[in-house]
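Step one of this worksheet: look at the structure below.
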Amino acid sequence: MADKFDVIVIGAGPGGYVAAIRAAQQGLKTACIEKWVNKEGKTVHGGTCLNVGCIPSKALLETSHKFVEARDHFAEIGIDLEPPRPNVAKMLEFKDSVIAKNVGGISALFKANGVTAIDGTGKVVGTKQVEVTDHNGEKATYEADNIVIAAGSVPVEIPPTPLHEDIVVTSTGALEFSEVPQRLGVIGAGVIGLELGSVWSRLGAEVTVLEAMDSFLPMVDKAIAKETQKLLKKQGLDIKLGARVTGSEVKGNEVTVMYTDSSGEQQLTFDKLIVCVGRRPYTQGVVDEGVGVGLDERGFIHVDDQCRTSVPSIYAIGDCVRGPMLAHKASEEGVMVADIIAGHKAEMNYDAIPSVIYTAPEVAWVGLTEQDAKAKGIEIKTGSFPFAANGRALANNAPEGMAKIIADAETDRILGMHIVGQHAGELIAQGVIAMEFGSSAEDLALTCYAHPSTSEAIHEAALAVDGFAIHMANRRKRK
């Protein structure tokens, strides 16, 4: 038996490494196990998010967006230059440098906080025992009073489109294209599909997105989803709804995809195909069956509101449990669990978790949509404001999009906020904070906002809830 710890965390992604650091900060002897190995064969922390997900995709989204700005919009604001050309190799270098800085930062934080980093694959073999198999196949067993499972998730693969070298890939492979494909297919019009489709569309690919569902972004407020679809179509993304993929065939350096839609059987041929149909929890083999940790039919670990499993000494957080598969949700669960283990009271408000799609413009939301509220029988009132009427957005040459607030008709309490527009991912924090503090739409309406700022669109949307927006036609007058 190796060293004993107060806490052992399995997985060093956004949930795991945060849980480990927080536990160590609480004075608990903590270890964090990670099996992820980079191209050089070195164990790295950060999980999917930092290595092949959130961070690298945002690096490519930002560089490709800057390219489009230079190519299509600089002349509009008085900057003349030769037509720019994308340098994919340099973009990938930048992306890799961003990854390296982030994962290196976690290692430094572990050392600073006294977290013991253990390389290898962790498996729960007892209510207080974790077996670790290192990269050489050697096994060691560690004991801990508390175990936190933060094993994350992996991309879902579908039988009609088996992965094939660098032609049919998941989101991971889509971050490594060495050149811009002429014809790119994307299966799935969710967050990942739209982001990766946007990257390569901006750089010159003809992008077709095949989405099996008949509705676009059903988790987003309908008004915001409709505006987003219009803007993405204008940018060149061909989004085909109700397109159910039935098969594929790779010949040479291209792949033909067969699908059905309202017109019957169809097929399209691409140079590259990205399969983005969701992610599944990575829980197979993480816990011995005899330990007693319960899983549902989809592989998610059963937990209560405070992420406790059916075994008192074992917790689970992040993508391997219920709720949205979001890095920040996992991180906050990590903080909550570490605090609970340390003997403090802690909880998490699952009604105020923001979501963001980092297209251009960005799409962000928190809380209920208008359709959600109506389905729940909640009487609501709403206020919207277009960025085209916002002075800072016009000065930024970014007038696309709108902000929308959903409020309870009786109490005026904010139930949701939805934004499509420049920096929506930053602006949505106002909605999260407002909901955390139980704010009303009037609270935001009576708040003094800096001028000029794109945040004023939120202010105006709050005013519009009761028909008193200043910078657009009022719907009614105060009595």
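Residue numbering restarts at 1 for every chain of the structure tokens, chains are lettered A, B, ... in their displayed order, and ligands are numbered from 1 as they appear.
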Would you please extract all strand (DSSP E or B) residues from range 187-224 of chain A, as assigned by DSSP on the backbone, and give them as a PyMOL selection string?
chain A and resi 187+206-211
Counting only C-alpha atoms, what is within 10 Å of Glu179 in chain A, bar same-chain residues fewer than 5 positions away, as a compact mmCIF listing (two decimals) with N, CA and C atoms, in the first residue's frame?
```txt
# COMPACT_ATOMS: atom_id res chain seq x y z
N PRO A 86 -4.32 33.01 -44.96
CA PRO A 86 -4.18 32.23 -43.72
C PRO A 86 -2.93 31.36 -43.77
N ASN A 87 -2.21 31.33 -42.68
CA ASN A 87 -1.05 30.46 -42.53
C ASN A 87 -1.43 29.41 -41.49
N VAL A 88 -1.97 28.28 -41.96
CA VAL A 88 -2.51 27.27 -41.05
C VAL A 88 -1.44 26.73 -40.13
N ALA A 89 -0.25 26.52 -40.65
CA ALA A 89 0.84 25.99 -39.82
C ALA A 89 1.13 26.91 -38.63
N TRP A 200 -13.14 26.66 -39.91
CA TRP A 200 -12.65 26.29 -41.24
C TRP A 200 -13.41 27.00 -42.35
N LEU A 203 -11.66 30.26 -42.92
CA LEU A 203 -10.38 30.10 -43.60
C LEU A 203 -10.52 29.67 -45.06
N ALA A 205 -13.02 27.08 -46.33
CA ALA A 205 -13.68 25.82 -46.65
C ALA A 205 -15.16 26.05 -46.96
```
Separation of CA of Asp466 in chain A from CA of Ile224 in chain A, in Å and rounded to one decimal
19.9 Å
Could you tell me how far CA of Ile314 in chain A sits from CA of Ser153 in chain A, in Å to one decimal place?
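These two atoms are separated by 18.6 Å.
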Please indicate the distance in Å from CA of Val186 in chain A to CA of Gly47 in chain A, rounded to one decimal place.
23.7 Å
Within 12 Å of Asp288 in chain A using only C-alpha atoms, minus same-chain residues under 5 positions, as a list in words
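My list of contacting residues is Gly122, Lys123, Val124, Val125, Gly126, Thr127, Gln129, Val130, Glu131, Thr283, Val293, Gly294 and Leu295 of chain A.
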Can those selected residues be exported to a file as an mmCIF file, in the first residue's frame so that it contains N, CA and C atoms?
```
data_model
loop_
_atom_site.group_PDB
_atom_site.id
_atom_site.type_symbol
_atom_site.label_atom_id
_atom_site.label_comp_id
_atom_site.auth_asym_id
_atom_site.auth_seq_id
_atom_site.Cartn_x
_atom_site.Cartn_y
_atom_site.Cartn_z
ATOM 1 N N GLY A 122 -6.193 5.853 -13.053
ATOM 2 C CA GLY A 122 -6.761 5.542 -11.743
ATOM 3 C C GLY A 122 -8.022 4.706 -11.837
ATOM 4 N N LYS A 123 -8.181 3.803 -10.902
ATOM 5 C CA LYS A 123 -9.381 2.969 -10.825
ATOM 6 C C LYS A 123 -9.764 2.762 -9.372
ATOM 7 N N VAL A 124 -11.026 3.024 -9.053
ATOM 8 C CA VAL A 124 -11.511 2.840 -7.690
ATOM 9 C C VAL A 124 -11.726 1.344 -7.458
ATOM 10 N N VAL A 125 -10.988 0.756 -6.516
ATOM 11 C CA VAL A 125 -11.082 -0.687 -6.269
ATOM 12 C C VAL A 125 -11.659 -0.998 -4.894
ATOM 13 N N GLY A 126 -11.894 0.038 -4.106
ATOM 14 C CA GLY A 126 -12.516 -0.130 -2.795
ATOM 15 C C GLY A 126 -13.143 1.181 -2.380
ATOM 16 N N THR A 127 -13.879 1.179 -1.317
ATOM 17 C CA THR A 127 -14.553 2.409 -0.897
ATOM 18 C C THR A 127 -13.557 3.503 -0.521
ATOM 19 N N GLN A 129 -9.979 2.957 -1.628
ATOM 20 C CA GLN A 129 -8.754 2.547 -2.314
ATOM 21 C C GLN A 129 -8.818 2.868 -3.806
ATOM 22 N N VAL A 130 -7.709 3.368 -4.311
ATOM 23 C CA VAL A 130 -7.571 3.650 -5.740
ATOM 24 C C VAL A 130 -6.319 2.949 -6.249
ATOM 25 N N GLU A 131 -6.490 2.182 -7.305
ATOM 26 C CA GLU A 131 -5.362 1.515 -7.948
ATOM 27 C C GLU A 131 -4.908 2.352 -9.131
ATOM 28 N N THR A 283 -16.653 6.569 -18.003
ATOM 29 C CA THR A 283 -16.783 5.900 -16.707
ATOM 30 C C THR A 283 -16.513 4.402 -16.781
ATOM 31 N N VAL A 293 -20.780 1.838 -6.547
ATOM 32 C CA VAL A 293 -21.131 3.134 -7.141
ATOM 33 C C VAL A 293 -22.109 2.882 -8.289
ATOM 34 N N GLY A 294 -23.257 3.548 -8.252
ATOM 35 C CA GLY A 294 -24.296 3.311 -9.250
ATOM 36 C C GLY A 294 -24.136 4.147 -10.508
ATOM 37 N N LEU A 295 -24.422 3.525 -11.676
ATOM 38 C CA LEU A 295 -24.408 4.210 -12.967
ATOM 39 C C LEU A 295 -25.774 4.067 -13.615
#
```
Going by DSSP on the backbone, which residues of range 258-449 of chain A come out as helix (DSSP H, G or I)? List them as number ranges by chain.
A: 289-291, 318-320, 327-341, 350-352, 370-375, 387-389, 391-395, 424-436, 441-445
Between A:Asn38, A:Gln371, A:Ser453, A:Asn390, which is the closest to Gly416 in chain A once you count only C-alpha atoms?
A:Gln371
Find the spatial neighbours of Gln266 in chain A, counting only C-alpha atoms, within a cut-off of 9 Å - ignore same-chain residues fewer than 6 positions away - and output them as a PyMOL selection string.
chain A and resi 243+257-260
Store the residues of this selection in a file with N, CA and C atoms, as a PDB file, in the first residue's frame.
```
ATOM      1  N   ALA A 243     -31.605  16.360 -41.322  1.00  0.00           N
ATOM      2  CA  ALA A 243     -30.748  15.531 -42.176  1.00  0.00           C
ATOM      3  C   ALA A 243     -30.171  14.388 -41.341  1.00  0.00           C
ATOM      4  N   VAL A 257     -21.056  11.002 -47.842  1.00  0.00           N
ATOM      5  CA  VAL A 257     -21.998  10.812 -46.741  1.00  0.00           C
ATOM      6  C   VAL A 257     -23.403  10.668 -47.295  1.00  0.00           C
ATOM      7  N   MET A 258     -24.080   9.614 -46.885  1.00  0.00           N
ATOM      8  CA  MET A 258     -25.474   9.402 -47.265  1.00  0.00           C
ATOM      9  C   MET A 258     -26.382   9.840 -46.119  1.00  0.00           C
ATOM     10  N   TYR A 259     -27.462  10.551 -46.457  1.00  0.00           N
ATOM     11  CA  TYR A 259     -28.402  11.000 -45.433  1.00  0.00           C
ATOM     12  C   TYR A 259     -29.789  11.111 -46.020  1.00  0.00           C
ATOM     13  N   THR A 260     -30.777  11.166 -45.161  1.00  0.00           N
ATOM     14  CA  THR A 260     -32.157  11.363 -45.601  1.00  0.00           C
ATOM     15  C   THR A 260     -32.691  12.655 -45.018  1.00  0.00           C
TER      16      THR A 260
END
```
List as a VMD selection string the protein and nucleic acid residues near Asp305 in chain A, meaning an atom at most 10 Å away when only C-alpha atoms are counted, but skip any in the same chain fewer than 4 places from it.
chain A and resid 309 322 333 347 to 350
Give the answer as one residue: which of A:Ala360, A:Val207, A:Leu50, A:Val18 has the shortest atom-to-atom distance to Glu62 in chain A, using only C-alpha atoms?
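Distance minimum relative to Glu62 in chain A lands on A:Ala360.
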Select, from A:Leu394, A:Glu34, A:Ala462, A:Val321, the residue with the minimum atom-to-atom distance to Tyr449 in chain A, counting only C-alpha atoms.
A:Ala462
List the spatial neighbours of range 19-26 of chain A as an mmCIF file with N, CA and C atoms, in the first residue's frame - criterion: any atom at most 6 Å away, only C-alpha atoms, same-chain residues fewer than 4 positions off excluded.
```cif
data_model
loop_
_atom_site.group_PDB
_atom_site.id
_atom_site.type_symbol
_atom_site.label_atom_id
_atom_site.label_comp_id
_atom_site.auth_asym_id
_atom_site.auth_seq_id
_atom_site.Cartn_x
_atom_site.Cartn_y
_atom_site.Cartn_z
ATOM 1 N N THR A 30 -3.721 15.929 -0.402
ATOM 2 C CA THR A 30 -4.451 15.660 -1.645
ATOM 3 C C THR A 30 -3.537 15.156 -2.744
ATOM 4 N N GLY A 334 -16.261 20.902 -8.381
ATOM 5 C CA GLY A 334 -15.016 20.559 -7.696
ATOM 6 C C GLY A 334 -14.819 21.377 -6.437
ATOM 7 N N VAL A 335 -15.102 22.678 -6.519
ATOM 8 C CA VAL A 335 -14.991 23.549 -5.347
ATOM 9 C C VAL A 335 -15.989 23.120 -4.275
ATOM 10 N N ALA A 338 -14.903 19.773 -2.581
ATOM 11 C CA ALA A 338 -13.733 19.964 -1.717
ATOM 12 C C ALA A 338 -14.132 20.645 -0.411
#
```
